[in-house]
$ cat query-v9.tsv   # TSV, N, CA and C atoms
chain	number	residue	atom	x	y	z
Y	1	MET	N	103.28	113.30	105.30
Y	1	MET	CA	102.90	112.10	106.04
Y	1	MET	C	101.73	111.42	105.33
Y	2	GLU	N	101.81	110.13	105.16
Y	2	GLU	CA	100.74	109.38	104.52
Y	2	GLU	C	99.54	109.26	105.45
Y	3	LEU	N	98.39	109.08	104.84
Y	3	LEU	CA	97.15	109.00	105.60
Y	3	LEU	C	97.03	107.67	106.35
Y	4	PHE	N	97.52	106.59	105.74
Y	4	PHE	CA	97.37	105.25	106.32
Y	4	PHE	C	98.73	104.61	106.59
Y	5	ASN	N	98.80	103.85	107.69
Y	5	ASN	CA	100.01	103.08	107.94
Y	5	ASN	C	99.88	101.71	107.26
Y	6	ASN	N	100.91	100.88	107.35
Y	6	ASN	CA	100.90	99.60	106.65
Y	6	ASN	C	99.78	98.67	107.12
Y	7	LYS	N	99.51	98.68	108.42
Y	7	LYS	CA	98.43	97.83	108.96
Y	7	LYS	C	97.08	98.27	108.38
Y	8	GLU	N	96.86	99.58	108.32
Y	8	GLU	CA	95.61	100.10	107.77
Y	8	GLU	C	95.49	99.79	106.29
Y	9	LEU	N	96.59	99.88	105.55
Y	9	LEU	CA	96.56	99.53	104.13
Y	9	LEU	C	96.18	98.07	103.94
Y	10	GLU	N	96.69	97.20	104.81
Y	10	GLU	CA	96.35	95.78	104.73
Y	10	GLU	C	94.86	95.58	105.05
Y	11	LEU	N	94.34	96.28	106.04
Y	11	LEU	CA	92.91	96.19	106.35
Y	11	LEU	C	92.07	96.66	105.17
Y	12	LEU	N	92.49	97.73	104.52
Y	12	LEU	CA	91.77	98.22	103.34
Y	12	LEU	C	91.77	97.17	102.24
Y	13	ARG	N	92.92	96.52	102.02
Y	13	ARG	CA	92.98	95.46	101.00
Y	13	ARG	C	92.02	94.33	101.34
Y	14	LYS	N	91.96	93.95	102.63
Y	14	LYS	CA	91.04	92.89	103.05
Y	14	LYS	C	89.59	93.27	102.78
Y	15	ALA	N	89.30	94.56	102.88
Y	15	ALA	CA	87.94	95.05	102.64
Y	15	ALA	C	87.67	95.26	101.16
Y	16	GLY	N	88.68	95.01	100.32
Y	16	GLY	CA	88.51	95.16	98.88
Y	16	GLY	C	88.67	96.59	98.39
Y	17	VAL	N	89.30	97.44	99.19
Y	17	VAL	CA	89.52	98.83	98.82
Y	17	VAL	C	90.99	99.00	98.47
Y	18	ASN	N	91.26	99.21	97.20
Y	18	ASN	CA	92.64	99.39	96.76
Y	18	ASN	C	92.93	100.87	96.65
Y	19	VAL	N	93.81	101.35	97.50
Y	19	VAL	CA	94.18	102.76	97.48
Y	19	VAL	C	95.69	102.88	97.46
Y	20	GLU	N	96.15	103.94	96.86
Y	20	GLU	CA	97.56	104.29	96.95
Y	20	GLU	C	97.70	105.16	98.19
Y	21	ASN	N	98.74	104.95	98.94
Y	21	ASN	CA	98.93	105.74	100.15
Y	21	ASN	C	99.58	107.06	99.77
Y	22	LYS	N	98.75	108.04	99.58
Y	22	LYS	CA	99.25	109.36	99.20
Y	22	LYS	C	98.87	110.36	100.28
Y	23	GLN	N	99.41	111.53	100.20
Y	23	GLN	CA	99.16	112.53	101.24
Y	23	GLN	C	97.83	113.23	101.05
Y	24	ASP	N	97.45	113.48	99.81
Y	24	ASP	CA	96.23	114.23	99.56
Y	24	ASP	C	95.14	113.35	98.97
Y	25	PHE	N	94.11	113.12	99.76
Y	25	PHE	CA	92.92	112.44	99.28
Y	25	PHE	C	91.83	113.50	99.18
Y	26	THR	N	91.09	113.46	98.09
Y	26	THR	CA	89.98	114.41	97.98
Y	26	THR	C	88.88	113.98	98.94
Y	27	ASN	N	87.94	114.85	99.17
Y	27	ASN	CA	86.80	114.51	100.01
Y	27	ASN	C	86.02	113.35	99.40
Y	28	ASP	N	85.92	113.33	98.07
Y	28	ASP	CA	85.24	112.21	97.40
Y	28	ASP	C	85.98	110.90	97.61
Y	29	ASP	N	87.32	110.94	97.58
Y	29	ASP	CA	88.12	109.74	97.85
Y	29	ASP	C	87.82	109.22	99.25
Y	30	LYS	N	87.79	110.12	100.21
Y	30	LYS	CA	87.54	109.74	101.59
Y	30	LYS	C	86.14	109.17	101.77
Y	31	LYS	N	85.16	109.77	101.10
Y	31	LYS	CA	83.78	109.26	101.17
Y	31	LYS	C	83.70	107.87	100.57
Y	32	TYR	N	84.42	107.65	99.47
Y	32	TYR	CA	84.44	106.34	98.82
Y	32	TYR	C	85.02	105.29	99.78
Y	33	ILE	N	86.16	105.61	100.39
Y	33	ILE	CA	86.79	104.68	101.33
Y	33	ILE	C	85.85	104.38	102.49
Y	34	PHE	N	85.24	105.42	103.06
Y	34	PHE	CA	84.30	105.25	104.17
Y	34	PHE	C	83.15	104.33	103.76
Y	35	ARG	N	82.57	104.59	102.60
Y	35	ARG	CA	81.42	103.81	102.13
Y	35	ARG	C	81.80	102.34	101.89
Y	36	GLN	N	82.95	102.12	101.24
Y	36	GLN	CA	83.37	100.76	100.94
Y	36	GLN	C	83.67	99.97	102.21
Y	37	VAL	N	84.35	100.58	103.15
Y	37	VAL	CA	84.67	99.89	104.41
Y	37	VAL	C	83.39	99.63	105.20
Y	38	SER	N	82.48	100.60	105.22
Y	38	SER	CA	81.20	100.41	105.92
Y	38	SER	C	80.41	99.26	105.33
Y	39	GLU	N	80.35	99.18	104.01
Y	39	GLU	CA	79.63	98.09	103.35
Y	39	GLU	C	80.29	96.74	103.66
Y	40	PHE	N	81.62	96.71	103.67
Y	40	PHE	CA	82.34	95.48	104.00
Y	40	PHE	C	81.99	95.02	105.41
Y	41	ILE	N	82.01	95.95	106.35
Y	41	ILE	CA	81.71	95.59	107.75
Y	41	ILE	C	80.27	95.11	107.88
Y	42	MET	N	79.34	95.82	107.27
Y	42	MET	CA	77.93	95.48	107.41
Y	42	MET	C	77.55	94.19	106.68
Y	43	SER	N	78.42	93.70	105.82
Y	43	SER	CA	78.13	92.45	105.13
Y	43	SER	C	78.42	91.23	106.02
Y	44	HIS	N	78.93	91.47	107.21
Y	44	HIS	CA	79.23	90.39	108.15
Y	44	HIS	C	78.10	90.19	109.15
Y	45	SER	N	78.21	89.14	109.92
Y	45	SER	CA	77.17	88.77	110.88
Y	45	SER	C	77.29	89.54	112.19
Y	46	SER	N	76.15	90.03	112.64
Y	46	SER	CA	76.15	90.68	113.96
Y	46	SER	C	75.94	89.66	115.08
Y	47	LYS	N	75.39	88.50	114.74
Y	47	LYS	CA	75.07	87.50	115.75
Y	47	LYS	C	76.32	86.95	116.44
Y	48	ASN	N	77.40	86.80	115.69
Y	48	ASN	CA	78.61	86.25	116.31
Y	48	ASN	C	79.62	87.34	116.67
Y	49	GLY	N	79.21	88.61	116.57
Y	49	GLY	CA	80.06	89.71	116.99
Y	49	GLY	C	81.03	90.24	115.95
Y	50	ASP	N	80.92	89.74	114.70
Y	50	ASP	CA	81.84	90.18	113.66
Y	50	ASP	C	81.76	91.68	113.39
Y	51	ILE	N	80.56	92.22	113.36
Y	51	ILE	CA	80.41	93.64	113.03
Y	51	ILE	C	81.10	94.51	114.08
Y	52	GLY	N	80.87	94.25	115.34
Y	52	GLY	CA	81.51	95.02	116.40
Y	52	GLY	C	83.03	94.90	116.37
Y	53	ARG	N	83.52	93.68	116.14
Y	53	ARG	CA	84.96	93.46	116.07
Y	53	ARG	C	85.57	94.22	114.91
Y	54	LEU	N	84.92	94.15	113.75
Y	54	LEU	CA	85.43	94.85	112.58
Y	54	LEU	C	85.35	96.37	112.73
Y	55	GLN	N	84.30	96.85	113.37
Y	55	GLN	CA	84.21	98.30	113.61
Y	55	GLN	C	85.39	98.77	114.44
Y	56	ASN	N	85.74	98.00	115.46
Y	56	ASN	CA	86.90	98.35	116.29
Y	56	ASN	C	88.19	98.27	115.48
Y	57	GLU	N	88.29	97.22	114.66
Y	57	GLU	CA	89.50	97.01	113.87
Y	57	GLU	C	89.71	98.14	112.85
Y	58	TYR	N	88.63	98.63	112.26
Y	58	TYR	CA	88.71	99.65	111.21
Y	58	TYR	C	88.53	101.07	111.74
Y	59	ASP	N	88.45	101.22	113.05
Y	59	ASP	CA	88.21	102.53	113.65
Y	59	ASP	C	89.27	103.57	113.25
Y	60	SER	N	90.52	103.17	113.21
Y	60	SER	CA	91.57	104.13	112.85
Y	60	SER	C	91.42	104.62	111.41
Y	61	ILE	N	90.88	103.78	110.54
Y	61	ILE	CA	90.64	104.20	109.16
Y	61	ILE	C	89.50	105.21	109.11
Y	62	PHE	N	88.44	104.94	109.88
Y	62	PHE	CA	87.34	105.91	109.92
Y	62	PHE	C	87.82	107.25	110.46
Y	63	ARG	N	88.67	107.23	111.47
Y	63	ARG	CA	89.21	108.47	112.01
Y	63	ARG	C	90.11	109.16	110.99
Y	64	ALA	N	90.86	108.40	110.23
Y	64	ALA	CA	91.78	108.99	109.24
Y	64	ALA	C	91.02	109.68	108.11
Y	65	VAL	N	89.93	109.09	107.65
Y	65	VAL	CA	89.19	109.70	106.54
Y	65	VAL	C	88.27	110.80	107.04
Y	66	ASN	N	87.83	110.72	108.30
Y	66	ASN	CA	87.07	111.79	108.94
Y	66	ASN	C	86.04	112.42	108.00
Y	67	VAL	N	85.14	111.58	107.51
Y	67	VAL	CA	84.11	112.04	106.58
Y	67	VAL	C	83.10	112.93	107.28
Y	68	LYS	N	82.80	114.05	106.70
Y	68	LYS	CA	81.82	115.00	107.27
Y	68	LYS	C	80.51	114.89	106.51
$ encode --input "query-v9.tsv" --output "C-alpha coordinates"
Amino acid sequence: MELFNNKELELLRKAGVNVENKQDFTNDDKKYIFRQVSEFIMSHSSKNGDIGRLQNEYDSIFRAVNVK
(Lines of atoms letter the chains of each structure in order from A and count residues from 1; the text may use other names and numbers.)
(Lines give C-alpha, C1' and ligand atoms only; values in the text may rest on other atoms or scores of the structure.)
Protein backbone atom coordinates (compact mmCIF):
# COMPACT_ATOMS: atom_id res chain seq x y z
CA MET A 1 0.00 0.00 0.00
CA GLU A 2 1.33 3.43 -0.92
CA LEU A 3 1.89 6.02 1.76
CA PHE A 4 -0.04 8.81 -0.01
CA ASN A 5 -3.28 8.87 -1.97
CA ASN A 6 -3.74 10.98 -5.13
CA LYS A 7 -5.15 13.96 -3.23
CA GLU A 8 -2.17 13.96 -0.86
CA LEU A 9 0.26 13.69 -3.77
CA GLU A 10 -1.38 16.75 -5.33
CA LEU A 11 -1.08 18.65 -2.02
CA LEU A 12 2.60 17.71 -1.85
CA ARG A 13 3.11 19.01 -5.41
CA LYS A 14 1.41 22.30 -4.42
CA ALA A 15 3.84 22.57 -1.51
CA GLY A 16 6.76 22.01 -3.88
CA VAL A 17 7.57 18.53 -2.58
CA ASN A 18 8.09 16.06 -5.40
CA VAL A 19 7.92 12.50 -4.18
CA GLU A 20 7.37 9.17 -5.80
CA ASN A 21 4.58 7.27 -4.13
CA LYS A 22 6.42 4.24 -2.90
CA GLN A 23 5.80 1.89 -0.02
CA ASP A 24 9.06 2.37 1.84
CA PHE A 25 10.16 5.84 2.84
CA THR A 26 13.19 6.13 5.05
CA ASN A 27 12.93 8.11 8.25
CA ASP A 28 15.05 10.81 6.57
CA ASP A 29 12.59 10.92 3.66
CA LYS A 30 9.72 11.39 6.08
CA LYS A 31 11.58 14.12 7.99
CA TYR A 32 12.29 15.90 4.70
CA ILE A 33 8.61 15.78 3.69
CA PHE A 34 7.53 16.98 7.15
CA ARG A 35 10.03 19.87 7.09
CA GLN A 36 9.16 20.97 3.54
CA VAL A 37 5.40 20.92 4.16
CA SER A 38 5.84 22.75 7.48
CA GLU A 39 7.92 25.47 5.82
CA PHE A 40 5.32 25.79 3.04
CA ILE A 41 2.51 26.22 5.57
CA MET A 42 4.42 28.68 7.73
CA SER A 43 5.24 30.83 4.71
CA HIS A 44 1.56 31.83 4.57
CA SER A 45 -0.34 34.46 6.51
CA SER A 46 -1.84 33.70 9.89
CA LYS A 47 -3.90 36.90 9.85
CA ASN A 48 -6.33 35.66 7.22
CA GLY A 49 -6.41 32.08 8.54
CA ASP A 50 -4.26 30.49 5.82
CA ILE A 51 -1.96 28.70 8.25
CA GLY A 52 -4.81 27.03 10.14
CA ARG A 53 -6.58 26.06 6.93
CA LEU A 54 -3.41 24.58 5.45
CA GLN A 55 -2.59 22.71 8.66
CA ASN A 56 -6.00 21.04 8.44
CA GLU A 57 -5.57 20.37 4.73
CA TYR A 58 -2.14 18.75 5.19
CA ASP A 59 -3.01 16.90 8.41
CA SER A 60 -3.30 13.52 6.68
CA ILE A 61 0.22 13.95 5.28
CA PHE A 62 1.60 14.73 8.73
CA ARG A 63 -0.13 11.62 10.07
CA ALA A 64 1.22 9.52 7.18
CA VAL A 65 4.85 10.52 7.73
CA ASN A 66 4.47 10.30 11.53
CA VAL A 67 7.84 11.91 12.26
CA LYS A 68 9.25 11.07 15.69
$ residues_around --input "query-v9.tsv" --residues "Tyr58 in chain Y" --least-positions-apart "3" --cutoff "8 Å" --atoms "only C-alpha atoms" --output "PyMOL selection string"
chain Y and resi 8+11+37+54-55+61-62
$ atom_distance --input "query-v9.tsv" --atom1 "CA of Ile51 in chain Y" --atom2 "CA of Lys22 in chain Y"
28.2 Å
$ atom_distance --input "query-v9.tsv" --atom1 "atom C of Leu12 in chain Y" --atom2 "CA of Asn48 in chain Y"
22.1 Å
$ axis_aligned_box --input "query-v9.tsv" --around "range 41-59 of chain Y" --padding-each-side "5 Å" --output "lines of an AutoDock Vina configuration file"
center_x = 82.4
center_y = 94.9
center_z = 111.1
size_x = 24.6
size_y = 27.3
size_z = 21.9
$ residues_around --input "query-v9.tsv" --residues "Phe4 in chain Y" --least-positions-apart "5" --cutoff "8 Å" --atoms "only C-alpha atoms" --output "list in words"
Leu9, Asn21, Ile61 and Ala64 of chain Y
$ atom_distance --input "query-v9.tsv" --atom1 "atom C of Phe34 in chain Y" --atom2 "CA of Ser60 in chain Y"
12.4 Å
$ select_by_dssp --input "query-v9.tsv" --residues "chain Y" --states "helix (DSSP H, G or I)" --output "ChimeraX atom specification"
/Y:6-14,27-42,50-57,59-65
$ closest_residue --input "query-v9.tsv" --among "Y:Val17, Y:Val65, Y:Asn5, Y:Asn56" --to "Asp29 in chain Y" --atoms "only N, CA and C atoms"
Y:Val65
